[in-house]
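Visitor: The structure is given below, and queries will be raised subsequently.
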Amino acid sequence: MANDSTLELVSLTKRYGSTVAVDAISHNFQAGVYACLLGPSGCGKSSTLRMIAGHEDVSDGSIVLSGRDVSHLPPAKRGTAMMFQNYALFPHLSVRDNVAFSLRMSGVDKPERYKRADEMLDLVEMTSLADRRPDQLSGGQQQRVALARALITRPQVLLLDEPLSALDPFLRIRMRAELKRLQRELGISFIHVTHGQDEALALADEIIVMNDAKIEQAGPARDVFNKPRTAFVARFMGGHNVLKLPQGHIALRSDEMIVTTPDEGRIDGRVIGVEYQGTHIALTAEVAGGQEVTALMPDASFLDAPKDLGEVIGLQWEDRVAHPLTA
Ligand SMILES: Nc1ncnc2c1ncn2[C@@H]1O[C@H](COP(=O)(O)OP(=O)(O)OP(=O)(O)O)[C@@H](O)[C@H]1O
C-alpha cells in the first residue's frame, strides 16, 4: 500500500451559515507521514478531516491527493478512508463481515472479500475473533476492527477522528503504539485528530496546531513543542511558561527554569504553589505584573533546598532556552 501520494489542502474553507469553521487553511502532507491535527474544542479539526474524507462539502478551496483534485468526489473515490470516534460498527454483522462491508458495497465477490478481510484482521491481530459480533468485543478490539474496516479499501490516506478517546488511559497508550506500528508497516499517511498534546507528541511526525479555524503552527513534533511561535501554541502544548518581559513575550520550558535565591535570579517571585508530581516538584511563583511561572524541579533538588508557600525565590534561565513569541 506504500505510495508517493502527497495530500495538499489549498485555501480550504468550511462555512456553516455564518460560522467559519475552517478559514482558508493551506498545508502539504507528505506521503507516509503520521500527522496530528491538534487544537482545542471547536477550532475546526473535525470539519477539516471530514472535508478531506468527503463527508462534508468544501465551501471554498481544494483538496488535492497525488496531484488530483478530489474536493468534489464521493468518499469512496478519493483514496482516503476514515475511522470514526465511535467506530460505527454494524452490531448485527460479524467482525469479518464488518471488515468486508465496503467491498460488498462495491460488488467484490465473497471469496475475494473474505480473503482481503482476513488479511486485514491478521494485520490488526484479530484473526481469532473474526466470527464474533461487535458487542462481544472489548473497546480496544472494536477499535482494531474499525481500523481493519477502514484499511481494507487500501487508502492512500487514513483519517482518524479522535480514535483513542473511547478507551481507558491504559489501553489508550497501548493502542497508540499499535497505530504507530500500523502506520509504519503500511507506509501510508495517517491524519489523526486529537485535542491531546501528549497523544500528538507521542505519535506525530508532524503536528498541525489549529486555533480558531486557522493553522497556528505546523512542523515536526519536536519543533512545535520546543519552538512555539505564539503564546497560544506555547500554552496549548503545555510544559511552558509564557512571560511578558520589557523586550516582549517569551516562552520558557518549566523544566528549564532554575530556582535560586532572589539576588541570583533574573526575576524574583513569591511561591504560591508546591505540587508533588512523583519524579518532580512543580513550584509555582507569582512574579511581576501578577504573572505566574512554574518551575519543575527534580524531587532531590527540591528536598536539598525546600521552598515554602510565601517564600521569595529567584528564577534564572539560560538565554538559549528563551523563545521569543510573535503573538
Ligand atoms: N454541522 C454543523 N453546523 C453548524 N456549525 C457546525 C457544524 N459542525 C461544526 N460546527 C461549528 O464549526 C466549528 C468547528 O467545529 P469542529 O467540529 O470542526 O471543531 P473541532 O476542533 O473538531 O472540535 P471538537 O474537538 O470539539 O470536536 C465550531 O464552532 C462548531 O460549532
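Naming scheme: A, B, ... for chains in displayed order of the C-alpha cells; residues 1 onward per chain; ligands 1 onward as shown.
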Give the residue list for ligand 1 at 7 Å, counting only C-alpha atoms and all ligand atoms, as a count of residues only, sorted by chain and then by residue number.

Guide: 17

Visitor: Give me, as a PyMOL selection string, all polymer residues having an atom no more than 10 Å from range 55-71 of chain A, counting only C-alpha atoms and skipping those fewer than 3 positions away in the same chain.

Guide: chain A and resi 3-16+20+22-29+31+46-52+74-75+77-80+82+156-157

Visitor: Those same residues, written as a PDB file, in the first residue's frame with C-alpha atoms?

Guide:
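Final output, saved to out06.pdb:
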ATOM      1  CA  ASN A   3       2.667   5.203  -2.320  1.00  0.00           C
ATOM      2  CA  ASP A   4       4.020   8.605  -3.298  1.00  0.00           C
ATOM      3  CA  SER A   5       0.842  10.451  -2.577  1.00  0.00           C
ATOM      4  CA  THR A   6       1.041  13.855  -1.031  1.00  0.00           C
ATOM      5  CA  LEU A   7      -2.104  15.484   0.188  1.00  0.00           C
ATOM      6  CA  GLU A   8      -2.460  19.182  -0.394  1.00  0.00           C
ATOM      7  CA  LEU A   9      -5.008  21.476   1.208  1.00  0.00           C
ATOM      8  CA  VAL A  10      -5.339  24.712  -0.732  1.00  0.00           C
ATOM      9  CA  SER A  11      -7.146  27.594   0.997  1.00  0.00           C
ATOM     10  CA  LEU A  12      -9.573  25.035   2.336  1.00  0.00           C
ATOM     11  CA  THR A  13     -12.636  26.682   3.858  1.00  0.00           C
ATOM     12  CA  LYS A  14     -15.748  25.443   5.613  1.00  0.00           C
ATOM     13  CA  ARG A  15     -18.662  27.678   6.445  1.00  0.00           C
ATOM     14  CA  TYR A  16     -21.792  26.577   8.275  1.00  0.00           C
ATOM     15  CA  VAL A  20     -16.475  29.980   9.563  1.00  0.00           C
ATOM     16  CA  VAL A  22     -12.198  26.354   8.713  1.00  0.00           C
ATOM     17  CA  ASP A  23     -10.723  29.570   7.372  1.00  0.00           C
ATOM     18  CA  ALA A  24      -8.697  29.196   4.157  1.00  0.00           C
ATOM     19  CA  ILE A  25      -6.099  26.773   5.507  1.00  0.00           C
ATOM     20  CA  SER A  26      -3.281  25.556   3.275  1.00  0.00           C
ATOM     21  CA  HIS A  27      -0.987  22.661   4.082  1.00  0.00           C
ATOM     22  CA  ASN A  28       1.017  19.894   2.395  1.00  0.00           C
ATOM     23  CA  PHE A  29       1.023  16.461   3.996  1.00  0.00           C
ATOM     24  CA  ALA A  31       3.387  10.852   1.714  1.00  0.00           C
ATOM     25  CA  SER A  46     -13.073  17.600  12.627  1.00  0.00           C
ATOM     26  CA  SER A  47     -14.501  19.804   9.895  1.00  0.00           C
ATOM     27  CA  THR A  48     -11.103  19.719   8.174  1.00  0.00           C
ATOM     28  CA  LEU A  49     -10.914  15.943   8.449  1.00  0.00           C
ATOM     29  CA  ARG A  50     -14.485  15.460   7.270  1.00  0.00           C
ATOM     30  CA  MET A  51     -13.859  17.632   4.223  1.00  0.00           C
ATOM     31  CA  ILE A  52     -10.764  15.581   3.355  1.00  0.00           C
ATOM     32  CA  PRO A  74     -17.603  10.938  -3.277  1.00  0.00           C
ATOM     33  CA  PRO A  75     -15.741   9.500  -0.245  1.00  0.00           C
ATOM     34  CA  LYS A  77     -13.492   7.531  -4.869  1.00  0.00           C
ATOM     35  CA  ARG A  78     -10.901   9.698  -3.132  1.00  0.00           C
ATOM     36  CA  GLY A  79      -8.239   7.283  -1.972  1.00  0.00           C
ATOM     37  CA  THR A  80      -8.944   8.189   1.646  1.00  0.00           C
ATOM     38  CA  MET A  82     -11.981   7.422   7.713  1.00  0.00           C
ATOM     39  CA  GLN A 156      -3.541   6.357   0.439  1.00  0.00           C
ATOM     40  CA  VAL A 157      -4.504   8.397   3.472  1.00  0.00           C
TER      41      VAL A 157
END

Visitor: Which of range 87-181 of chain A end up as strand (DSSP E) when DSSP is run on this backbone - answer as a PyMOL selection string?

Guide: chain A and resi 157-161

Visitor: Point out the residue among A:Thr127, A:Gln316, A:Ser301, A:Gln277 with the least atom-to-atom distance to Pro262 in chain A, counting only C-alpha atoms.

Guide: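 When distances to Pro262 in chain A are compared using only C-alpha atoms, the smallest one comes from A:Gln316.
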
Visitor: Using only C-alpha atoms, which protein or nucleic acid residues come within 12 Å of Ala166 in chain A? Drop anything in the same chain fewer than 6 positions from it, and give the result as a PDB file with N, CA and C atoms, in the first residue's frame.

Guide:
ATOM      1  N   PHE A  84     -13.920   6.361  12.491  1.00  0.00           N
ATOM      2  CA  PHE A  84     -14.688   7.279  13.336  1.00  0.00           C
ATOM      3  C   PHE A  84     -14.417   7.043  14.811  1.00  0.00           C
ATOM      4  N   GLN A  85     -14.713   8.105  15.572  1.00  0.00           N
ATOM      5  CA  GLN A  85     -14.526   8.125  17.019  1.00  0.00           C
ATOM      6  C   GLN A  85     -15.263   6.959  17.716  1.00  0.00           C
ATOM      7  N   ASN A  86     -16.520   6.722  17.296  1.00  0.00           N
ATOM      8  CA  ASN A  86     -17.313   5.675  17.961  1.00  0.00           C
ATOM      9  C   ASN A  86     -17.255   4.351  17.204  1.00  0.00           C
ATOM     10  N   TYR A  87     -16.324   4.270  16.268  1.00  0.00           N
ATOM     11  CA  TYR A  87     -16.053   3.063  15.464  1.00  0.00           C
ATOM     12  C   TYR A  87     -17.152   2.715  14.471  1.00  0.00           C
ATOM     13  N   SER A 138     -14.081  -6.204  23.330  1.00  0.00           N
ATOM     14  CA  SER A 138     -13.708  -5.084  24.207  1.00  0.00           C
ATOM     15  C   SER A 138     -13.552  -3.819  23.352  1.00  0.00           C
ATOM     16  N   GLY A 139     -13.429  -2.672  24.020  1.00  0.00           N
ATOM     17  CA  GLY A 139     -13.265  -1.408  23.297  1.00  0.00           C
ATOM     18  C   GLY A 139     -12.038  -1.415  22.385  1.00  0.00           C
ATOM     19  N   GLY A 140     -10.952  -1.942  22.910  1.00  0.00           N
ATOM     20  CA  GLY A 140      -9.711  -1.989  22.126  1.00  0.00           C
ATOM     21  C   GLY A 140      -9.856  -2.892  20.908  1.00  0.00           C
ATOM     22  N   GLN A 141     -10.590  -4.015  21.108  1.00  0.00           N
ATOM     23  CA  GLN A 141     -10.794  -4.946  19.976  1.00  0.00           C
ATOM     24  C   GLN A 141     -11.709  -4.319  18.924  1.00  0.00           C
ATOM     25  N   GLN A 142     -12.736  -3.596  19.396  1.00  0.00           N
ATOM     26  CA  GLN A 142     -13.625  -2.921  18.434  1.00  0.00           C
ATOM     27  C   GLN A 142     -12.837  -1.915  17.615  1.00  0.00           C
ATOM     28  N   GLN A 143     -11.892  -1.272  18.278  1.00  0.00           N
ATOM     29  CA  GLN A 143     -11.110  -0.290  17.558  1.00  0.00           C
ATOM     30  C   GLN A 143     -10.257  -0.937  16.468  1.00  0.00           C
ATOM     31  N   ARG A 172      -5.366   3.246  25.957  1.00  0.00           N
ATOM     32  CA  ARG A 172      -5.075   4.339  25.019  1.00  0.00           C
ATOM     33  C   ARG A 172      -3.579   4.358  24.679  1.00  0.00           C
ATOM     34  N   MET A 175      -2.835   1.303  22.516  1.00  0.00           N
ATOM     35  CA  MET A 175      -3.350   1.411  21.153  1.00  0.00           C
ATOM     36  C   MET A 175      -2.611   2.462  20.343  1.00  0.00           C
TER      37      MET A 175
END

Visitor: Using only C-alpha atoms, which residue out of A:Arg270, A:Arg132, A:His249, A:His323 lies closest to Leu309 in chain A?

Guide: A:Arg270
